[in-house]
$ cat entry_1.csv   # CSV, N, CA and C atoms
chain,number,residue,atom,x,y,z
G,1077,MET,N,1.6,-226.8,-86.4
G,1077,MET,CA,2.6,-227.6,-87.0
G,1077,MET,C,4.0,-227.1,-86.5
G,1078,LEU,N,4.8,-228.0,-86.1
G,1078,LEU,CA,6.1,-227.6,-85.6
G,1078,LEU,C,7.0,-226.8,-86.6
G,1079,ALA,N,7.0,-227.3,-87.8
G,1079,ALA,CA,7.8,-226.6,-88.9
G,1079,ALA,C,7.4,-225.2,-89.0
G,1080,SER,N,6.1,-224.8,-89.1
G,1080,SER,CA,5.7,-223.5,-89.2
G,1080,SER,C,6.1,-222.6,-88.0
G,1081,LYS,N,6.2,-223.2,-86.9
G,1081,LYS,CA,6.7,-222.5,-85.7
G,1081,LYS,C,8.0,-221.8,-85.9
G,1082,PHE,N,8.9,-222.5,-86.7
G,1082,PHE,CA,10.2,-222.0,-87.0
G,1082,PHE,C,10.3,-221.3,-88.3
G,1083,LEU,N,9.6,-221.8,-89.3
G,1083,LEU,CA,9.7,-221.2,-90.6
G,1083,LEU,C,9.2,-219.8,-90.8
G,1084,GLU,N,8.1,-219.5,-90.1
G,1084,GLU,CA,7.5,-218.1,-90.2
G,1084,GLU,C,8.5,-217.1,-89.7
G,1085,PRO,N,9.0,-217.3,-88.4
G,1085,PRO,CA,10.0,-216.3,-87.9
G,1085,PRO,C,11.3,-216.3,-88.7
G,1086,LEU,N,11.7,-217.4,-89.2
G,1086,LEU,CA,12.9,-217.4,-90.0
G,1086,LEU,C,12.8,-216.6,-91.3
G,1087,SER,N,11.6,-216.5,-91.8
G,1087,SER,CA,11.4,-215.8,-93.1
G,1087,SER,C,11.6,-214.3,-92.9
G,1088,ARG,N,11.6,-213.8,-91.6
G,1088,ARG,CA,11.9,-212.4,-91.4
G,1088,ARG,C,13.3,-212.1,-91.1
G,1089,ILE,N,14.2,-213.1,-91.1
G,1089,ILE,CA,15.6,-212.9,-90.8
G,1089,ILE,C,16.4,-212.5,-92.1
G,1090,GLY,N,17.4,-211.7,-92.0
G,1090,GLY,CA,18.2,-211.3,-93.1
G,1090,GLY,C,18.8,-212.4,-93.9
G,1091,VAL,N,19.6,-213.2,-93.2
G,1091,VAL,CA,20.3,-214.3,-93.9
G,1091,VAL,C,20.3,-215.6,-93.0
G,1092,VAL,N,19.8,-216.7,-93.6
G,1092,VAL,CA,19.8,-218.0,-92.9
G,1092,VAL,C,20.6,-218.9,-93.8
G,1093,TRP,N,21.6,-219.5,-93.2
G,1093,TRP,CA,22.5,-220.4,-93.9
G,1093,TRP,C,22.4,-221.8,-93.1
G,1094,HIS,N,22.1,-222.8,-93.9
G,1094,HIS,CA,22.0,-224.1,-93.3
G,1094,HIS,C,22.7,-225.1,-94.2
G,1095,ARG,N,23.4,-226.0,-93.5
G,1095,ARG,CA,24.1,-227.1,-94.2
G,1095,ARG,C,23.9,-228.4,-93.4
G,1096,ARG,N,23.4,-229.4,-94.0
G,1096,ARG,CA,23.2,-230.7,-93.3
G,1096,ARG,C,24.4,-231.1,-92.6
G,1097,GLY,N,24.3,-231.5,-91.4
G,1097,GLY,CA,25.4,-232.0,-90.6
G,1097,GLY,C,26.2,-230.9,-89.9
G,1098,ILE,N,26.0,-229.6,-90.3
G,1098,ILE,CA,26.7,-228.5,-89.7
G,1098,ILE,C,25.7,-227.7,-88.9
G,1099,GLY,N,24.5,-227.4,-89.4
G,1099,GLY,CA,23.5,-226.7,-88.7
G,1099,GLY,C,23.1,-225.4,-89.3
G,1100,PHE,N,22.5,-224.5,-88.5
G,1100,PHE,CA,22.0,-223.2,-88.9
G,1100,PHE,C,22.9,-222.1,-88.4
G,1101,TYR,N,23.1,-221.2,-89.3
G,1101,TYR,CA,23.8,-219.9,-89.0
G,1101,TYR,C,22.8,-218.8,-89.4
G,1102,VAL,N,22.5,-217.9,-88.5
G,1102,VAL,CA,21.5,-216.9,-88.8
G,1102,VAL,C,22.2,-215.5,-88.6
G,1103,PHE,N,22.1,-214.7,-89.6
G,1103,PHE,CA,22.7,-213.3,-89.6
G,1103,PHE,C,21.6,-212.3,-89.8
G,1104,GLU,N,21.6,-211.4,-88.9
G,1104,GLU,CA,20.7,-210.2,-89.0
G,1104,GLU,C,21.5,-209.0,-89.2
G,1105,VAL,N,21.4,-208.5,-90.4
G,1105,VAL,CA,22.2,-207.3,-90.8
G,1105,VAL,C,21.5,-206.0,-90.5
G,1106,ILE,N,22.3,-205.2,-89.7
G,1106,ILE,CA,21.7,-203.9,-89.3
G,1106,ILE,C,22.5,-202.8,-89.9
G,1107,ALA,N,21.9,-202.0,-90.8
G,1107,ALA,CA,22.6,-200.8,-91.3
G,1107,ALA,C,22.0,-199.6,-90.6
G,1108,GLY,N,20.8,-199.3,-91.0
G,1108,GLY,CA,20.1,-198.2,-90.4
G,1108,GLY,C,18.9,-198.6,-89.6
G,1109,ASP,N,18.8,-199.9,-89.4
G,1109,ASP,CA,17.6,-200.5,-88.7
G,1109,ASP,C,17.8,-200.4,-87.2
G,1110,ASN,N,16.7,-200.8,-86.5
G,1110,ASN,CA,16.7,-200.7,-85.1
G,1110,ASN,C,17.3,-202.0,-84.5
G,1111,MET,N,18.3,-201.8,-83.6
G,1111,MET,CA,19.0,-203.0,-83.0
G,1111,MET,C,18.0,-203.8,-82.2
G,1112,HIS,N,17.1,-203.1,-81.4
G,1112,HIS,CA,16.1,-203.8,-80.6
G,1112,HIS,C,15.2,-204.7,-81.4
G,1113,GLU,N,14.8,-204.2,-82.6
G,1113,GLU,CA,13.9,-205.0,-83.5
G,1113,GLU,C,14.7,-206.2,-84.0
G,1114,ALA,N,15.9,-206.0,-84.4
G,1114,ALA,CA,16.7,-207.2,-84.9
G,1114,ALA,C,16.9,-208.2,-83.8
G,1115,LEU,N,17.2,-207.8,-82.6
G,1115,LEU,CA,17.3,-208.8,-81.5
G,1115,LEU,C,16.0,-209.5,-81.2
G,1116,LEU,N,14.9,-208.8,-81.4
G,1116,LEU,CA,13.6,-209.4,-81.2
G,1116,LEU,C,13.3,-210.5,-82.3
G,1117,ARG,N,13.7,-210.2,-83.5
G,1117,ARG,CA,13.6,-211.2,-84.6
G,1117,ARG,C,14.4,-212.5,-84.2
G,1118,LEU,N,15.6,-212.3,-83.7
G,1118,LEU,CA,16.4,-213.4,-83.3
G,1118,LEU,C,15.9,-214.2,-82.1
G,1119,SER,N,15.3,-213.4,-81.2
G,1119,SER,CA,14.8,-214.1,-80.0
G,1119,SER,C,13.5,-215.0,-80.4
G,1120,ARG,N,12.9,-214.6,-81.5
G,1120,ARG,CA,11.7,-215.4,-81.9
G,1120,ARG,C,12.1,-216.8,-82.4
G,1121,ILE,N,13.4,-217.0,-82.7
G,1121,ILE,CA,13.9,-218.3,-83.2
G,1121,ILE,C,14.8,-218.9,-82.2
G,1122,SER,N,14.8,-218.5,-80.9
G,1122,SER,CA,15.8,-218.9,-79.9
G,1122,SER,C,15.7,-220.4,-79.6
G,1123,GLU,N,14.6,-221.1,-79.9
G,1123,GLU,CA,14.5,-222.5,-79.7
G,1123,GLU,C,15.3,-223.3,-80.8
G,1124,LEU,N,15.5,-222.7,-81.9
G,1124,LEU,CA,16.2,-223.3,-83.0
G,1124,LEU,C,17.7,-223.4,-82.6
G,1125,ASN,N,18.3,-224.5,-82.7
G,1125,ASN,CA,19.7,-224.7,-82.4
G,1125,ASN,C,20.5,-224.0,-83.5
G,1126,ALA,N,20.8,-222.7,-83.3
G,1126,ALA,CA,21.5,-222.0,-84.4
G,1126,ALA,C,22.5,-221.1,-83.8
G,1127,LYS,N,23.5,-220.7,-84.6
G,1127,LYS,CA,24.5,-219.7,-84.2
G,1127,LYS,C,23.9,-218.4,-84.7
G,1128,LEU,N,23.8,-217.4,-83.9
G,1128,LEU,CA,23.1,-216.2,-84.2
G,1128,LEU,C,24.2,-215.0,-84.3
G,1129,PHE,N,24.0,-214.2,-85.3
G,1129,PHE,CA,24.9,-213.1,-85.5
G,1129,PHE,C,24.1,-211.8,-85.8
G,1130,ILE,N,24.6,-210.7,-85.2
G,1130,ILE,CA,24.2,-209.4,-85.6
G,1130,ILE,C,25.4,-208.8,-86.3
G,1131,VAL,N,25.1,-208.4,-87.6
G,1131,VAL,CA,26.2,-207.9,-88.4
G,1131,VAL,C,25.9,-206.4,-88.6
G,1132,SER,N,26.8,-205.5,-88.2
G,1132,SER,CA,26.6,-204.1,-88.3
G,1132,SER,C,28.0,-203.4,-88.3
G,1133,TYR,N,27.9,-202.1,-88.4
G,1133,TYR,CA,29.1,-201.3,-88.4
G,1133,TYR,C,29.7,-201.3,-87.0
G,1134,GLU,N,31.0,-201.3,-86.9
G,1134,GLU,CA,31.7,-201.3,-85.6
G,1134,GLU,C,31.2,-200.3,-84.6
G,1135,ASN,N,30.8,-199.1,-85.1
G,1135,ASN,CA,30.4,-198.1,-84.2
G,1135,ASN,C,29.0,-198.4,-83.5
G,1136,ARG,N,28.4,-199.5,-83.9
G,1136,ARG,CA,27.2,-200.0,-83.2
G,1136,ARG,C,27.4,-201.1,-82.2
G,1137,ARG,N,28.6,-201.5,-82.0
G,1137,ARG,CA,28.9,-202.6,-81.1
G,1137,ARG,C,28.4,-202.3,-79.7
G,1138,ASN,N,28.7,-201.1,-79.2
G,1138,ASN,CA,28.2,-200.7,-77.8
G,1138,ASN,C,26.7,-200.8,-77.7
G,1139,GLU,N,26.0,-200.3,-78.8
G,1139,GLU,CA,24.5,-200.4,-78.8
G,1139,GLU,C,24.1,-201.8,-78.7
G,1140,TYR,N,24.7,-202.7,-79.5
G,1140,TYR,CA,24.4,-204.1,-79.4
G,1140,TYR,C,24.6,-204.7,-78.0
G,1141,GLU,N,25.8,-204.4,-77.4
G,1141,GLU,CA,26.1,-204.9,-76.1
G,1141,GLU,C,25.1,-204.4,-75.0
G,1142,ASN,N,24.7,-203.2,-75.1
G,1142,ASN,CA,23.8,-202.6,-74.2
G,1142,ASN,C,22.4,-203.3,-74.4
G,1143,SER,N,22.0,-203.4,-75.6
G,1143,SER,CA,20.7,-203.9,-76.0
G,1143,SER,C,20.5,-205.4,-75.6
G,1144,VAL,N,21.5,-206.2,-75.8
G,1144,VAL,CA,21.4,-207.6,-75.6
G,1144,VAL,C,21.4,-207.9,-74.1
G,1145,ARG,N,21.8,-207.0,-73.2
G,1145,ARG,CA,21.7,-207.2,-71.8
G,1145,ARG,C,20.2,-207.1,-71.3
G,1146,ASN,N,19.3,-206.6,-72.1
G,1146,ASN,CA,17.9,-206.4,-71.7
G,1146,ASN,C,17.4,-207.8,-71.4
G,1147,PRO,N,16.6,-208.0,-70.3
G,1147,PRO,CA,16.1,-209.3,-69.9
G,1147,PRO,C,15.3,-209.9,-71.0
G,1148,ALA,N,14.7,-209.2,-71.9
G,1148,ALA,CA,13.9,-209.7,-73.0
G,1148,ALA,C,14.7,-210.6,-73.9
G,1149,PHE,N,16.0,-210.4,-73.8
G,1149,PHE,CA,16.9,-211.2,-74.7
G,1149,PHE,C,17.8,-212.2,-74.0
G,1150,SER,N,17.3,-212.6,-72.8
G,1150,SER,CA,18.1,-213.6,-72.0
G,1150,SER,C,18.2,-214.9,-72.8
G,1151,THR,N,17.2,-215.3,-73.6
G,1151,THR,CA,17.3,-216.6,-74.3
G,1151,THR,C,18.4,-216.6,-75.4
G,1152,ILE,N,18.8,-215.4,-75.9
G,1152,ILE,CA,19.8,-215.4,-77.0
G,1152,ILE,C,21.1,-214.8,-76.6
G,1153,ARG,N,21.1,-214.2,-75.4
G,1153,ARG,CA,22.3,-213.4,-74.9
G,1153,ARG,C,23.6,-214.2,-75.1
G,1154,ASN,N,23.6,-215.5,-74.8
G,1154,ASN,CA,24.8,-216.3,-74.8
G,1154,ASN,C,25.0,-217.0,-76.2
G,1155,LYS,N,24.0,-216.9,-77.0
G,1155,LYS,CA,24.1,-217.6,-78.4
G,1155,LYS,C,24.4,-216.6,-79.5
G,1156,CYS,N,24.2,-215.3,-79.2
G,1156,CYS,CA,24.3,-214.3,-80.2
G,1156,CYS,C,25.7,-213.6,-80.1
G,1157,LYS,N,26.3,-213.3,-81.3
G,1157,LYS,CA,27.5,-212.6,-81.4
G,1157,LYS,C,27.4,-211.4,-82.3
G,1158,PHE,N,28.2,-210.4,-82.0
G,1158,PHE,CA,28.3,-209.2,-82.9
G,1158,PHE,C,29.4,-209.4,-83.8
G,1159,LEU,N,29.2,-209.2,-85.1
G,1159,LEU,CA,30.2,-209.3,-86.1
G,1159,LEU,C,30.2,-208.0,-86.9
G,1160,SER,N,31.3,-207.3,-86.9
G,1160,SER,CA,31.3,-206.0,-87.7
G,1160,SER,C,31.4,-206.3,-89.2
G,1161,ILE,N,30.9,-205.4,-89.9
G,1161,ILE,CA,31.0,-205.5,-91.4
G,1161,ILE,C,32.4,-205.6,-91.9
G,1162,SER,N,33.3,-204.8,-91.2
G,1162,SER,CA,34.7,-204.9,-91.7
G,1162,SER,C,35.3,-206.3,-91.3
G,1163,SER,N,35.0,-206.9,-90.2
G,1163,SER,CA,35.4,-208.2,-89.9
G,1163,SER,C,34.9,-209.2,-90.9
G,1164,LEU,N,33.6,-209.1,-91.2
G,1164,LEU,CA,33.0,-210.0,-92.2
G,1164,LEU,C,33.7,-209.9,-93.5
G,1165,THR,N,34.1,-208.7,-93.9
G,1165,THR,CA,34.8,-208.5,-95.2
G,1165,THR,C,36.1,-209.2,-95.1
G,1166,LYS,N,36.8,-209.0,-94.0
G,1166,LYS,CA,38.2,-209.7,-93.9
G,1166,LYS,C,38.0,-211.2,-94.0
G,1167,ILE,N,37.0,-211.7,-93.3
G,1167,ILE,CA,36.8,-213.2,-93.3
G,1167,ILE,C,36.6,-213.7,-94.7
G,1168,PHE,N,35.8,-212.9,-95.5
G,1168,PHE,CA,35.5,-213.3,-96.9
G,1168,PHE,C,36.7,-213.3,-97.7
G,1169,VAL,N,37.5,-212.2,-97.6
G,1169,VAL,CA,38.7,-212.1,-98.4
G,1169,VAL,C,39.7,-213.2,-98.1
G,1170,LEU,N,39.9,-213.4,-96.8
G,1170,LEU,CA,40.9,-214.4,-96.3
G,1170,LEU,C,40.5,-215.8,-96.7
G,1171,THR,N,39.2,-216.1,-96.6
G,1171,THR,CA,38.6,-217.4,-97.0
G,1171,THR,C,38.8,-217.6,-98.5
G,1172,SER,N,38.5,-216.6,-99.3
G,1172,SER,CA,38.7,-216.7,-100.7
G,1172,SER,C,40.1,-216.9,-101.1
G,1173,LEU,N,41.0,-216.2,-100.5
G,1173,LEU,CA,42.4,-216.4,-100.8
G,1173,LEU,C,42.9,-217.8,-100.4
G,1174,TRP,N,42.4,-218.3,-99.3
G,1174,TRP,CA,42.8,-219.6,-98.8
G,1174,TRP,C,42.3,-220.7,-99.8
G,1175,ARG,N,41.0,-220.5,-100.2
G,1175,ARG,CA,40.5,-221.5,-101.2
G,1175,ARG,C,41.3,-221.5,-102.5
G,1176,GLN,N,41.6,-220.3,-102.9
G,1176,GLN,CA,42.4,-220.2,-104.2
G,1176,GLN,C,43.8,-220.9,-104.0
G,1177,SER,N,44.4,-220.7,-102.8
G,1177,SER,CA,45.8,-221.2,-102.6
G,1177,SER,C,45.8,-222.7,-102.5
G,1178,ILE,N,44.7,-223.3,-102.0
G,1178,ILE,CA,44.7,-224.8,-101.8
G,1178,ILE,C,44.1,-225.5,-103.0
G,1179,GLU,N,43.6,-224.7,-103.9
G,1179,GLU,CA,42.9,-225.3,-105.1
G,1179,GLU,C,43.8,-226.3,-105.8
G,1180,ALA,N,45.1,-226.0,-105.9
G,1180,ALA,CA,46.1,-226.9,-106.6
G,1180,ALA,C,46.2,-228.2,-105.9
G,1181,LEU,N,45.9,-228.3,-104.6
G,1181,LEU,CA,46.1,-229.5,-103.9
G,1181,LEU,C,44.9,-230.5,-104.2
G,1182,GLN,N,43.8,-229.9,-104.7
G,1182,GLN,CA,42.6,-230.7,-105.0
G,1182,GLN,C,42.2,-231.6,-103.8
G,1183,LEU,N,42.0,-231.1,-102.7
G,1183,LEU,CA,41.5,-231.8,-101.6
G,1183,LEU,C,39.9,-231.8,-101.6
G,1184,PRO,N,39.3,-232.9,-101.9
G,1184,PRO,CA,37.9,-233.0,-102.0
G,1184,PRO,C,37.1,-232.6,-100.8
G,1185,HIS,N,37.6,-232.9,-99.6
G,1185,HIS,CA,36.8,-232.6,-98.4
G,1185,HIS,C,36.9,-231.2,-98.0
G,1186,ILE,N,37.7,-230.4,-98.6
G,1186,ILE,CA,37.9,-229.0,-98.3
G,1186,ILE,C,37.2,-228.1,-99.3
G,1187,SER,N,37.2,-228.5,-100.6
G,1187,SER,CA,36.7,-227.7,-101.6
G,1187,SER,C,35.2,-227.5,-101.5
G,1188,GLY,N,34.7,-226.5,-102.1
G,1188,GLY,CA,33.4,-226.0,-102.2
G,1188,GLY,C,32.2,-226.5,-101.8
$ encode --input "entry_1.csv" --output "structure tokens"
Amino acid sequence: MLASKFLEPLSRIGVVWHRRGIGFYVFEVIAGDNMHEALLRLSRISELNAKLFIVSYENRRNEYENSVRNPAFSTIRNKCKFLSISSLTKIFVLTSLWRQSIEALQLPHISG
């Protein structure tokens, strides 16, 4: 069954976000885990039209860049991005502040 082809590997991913009309966003969070293993999990869903992210500490960016060059990850190399935990925190704070600041405008297409 086609659905199980994607659902089983997706169940092993850290965070999967989907919204109808927008698509899939997949985040594999690496703290003490193995970068190679995380990239393998993402490569198992490479046929899914999704934006892929490795989320980790900034000091692991070089490890990510070196690992993703491995030929085994050619299917995700151009789809996958590294996102540092500090950048993700900044995005969250700025987005929260932005939402609070426009709340008074009551724009239905922008809110929640």
$ closest_residue --input "entry_1.csv" --among "G:Val1091, G:Leu1181, G:Leu1115, G:Ala1107" --to "Arg1145 of chain G" --atoms "only C-alpha atoms"
G:Leu1115
$ select_by_dssp --input "entry_1.csv" --residues "chain G" --states "helix (DSSP H, G or I)" --output "count of residues only"
53
$ closest_residue --input "entry_1.csv" --among "G:Phe1168, G:Phe1149, G:Trp1093, G:Phe1103" --to "Phe1129 of chain G" --atoms "only N, CA and C atoms"
G:Phe1103
$ closest_residue --input "entry_1.csv" --among "G:Met1111, G:Leu1124, G:Glu1134, G:Tyr1101" --to "Ser1162 of chain G" --atoms "all atoms listed in the file"
G:Glu1134
$ closest_residue --input "entry_1.csv" --among "G:Ser1132, G:Lys1127, G:Leu1116, G:Leu1170" --to "Ala1148 of chain G" --atoms "only N, CA and C atoms"
G:Leu1116
$ closest_residue --input "entry_1.csv" --among "G:Val1144, G:Ala1126, G:Ile1121, G:Val1131" --to "Asp1109 of chain G" --atoms "only C-alpha atoms"
G:Val1131
$ select_by_dssp --input "entry_1.csv" --residues "chain G" --states "strand (DSSP E or B)" --output "ChimeraX atom specification"
/G:1091-1095,1099-1106,1126-1132,1156-1160
$ axis_aligned_box --input "entry_1.csv" --around "segment 1146-1162 of chain G" --padding-each-side "5 Å" --output "JSON"
{"center_x": 24.6, "center_y": -211.2, "center_z": -80.9, "size_x": 31.4, "size_y": 22.8, "size_z": 32.0}
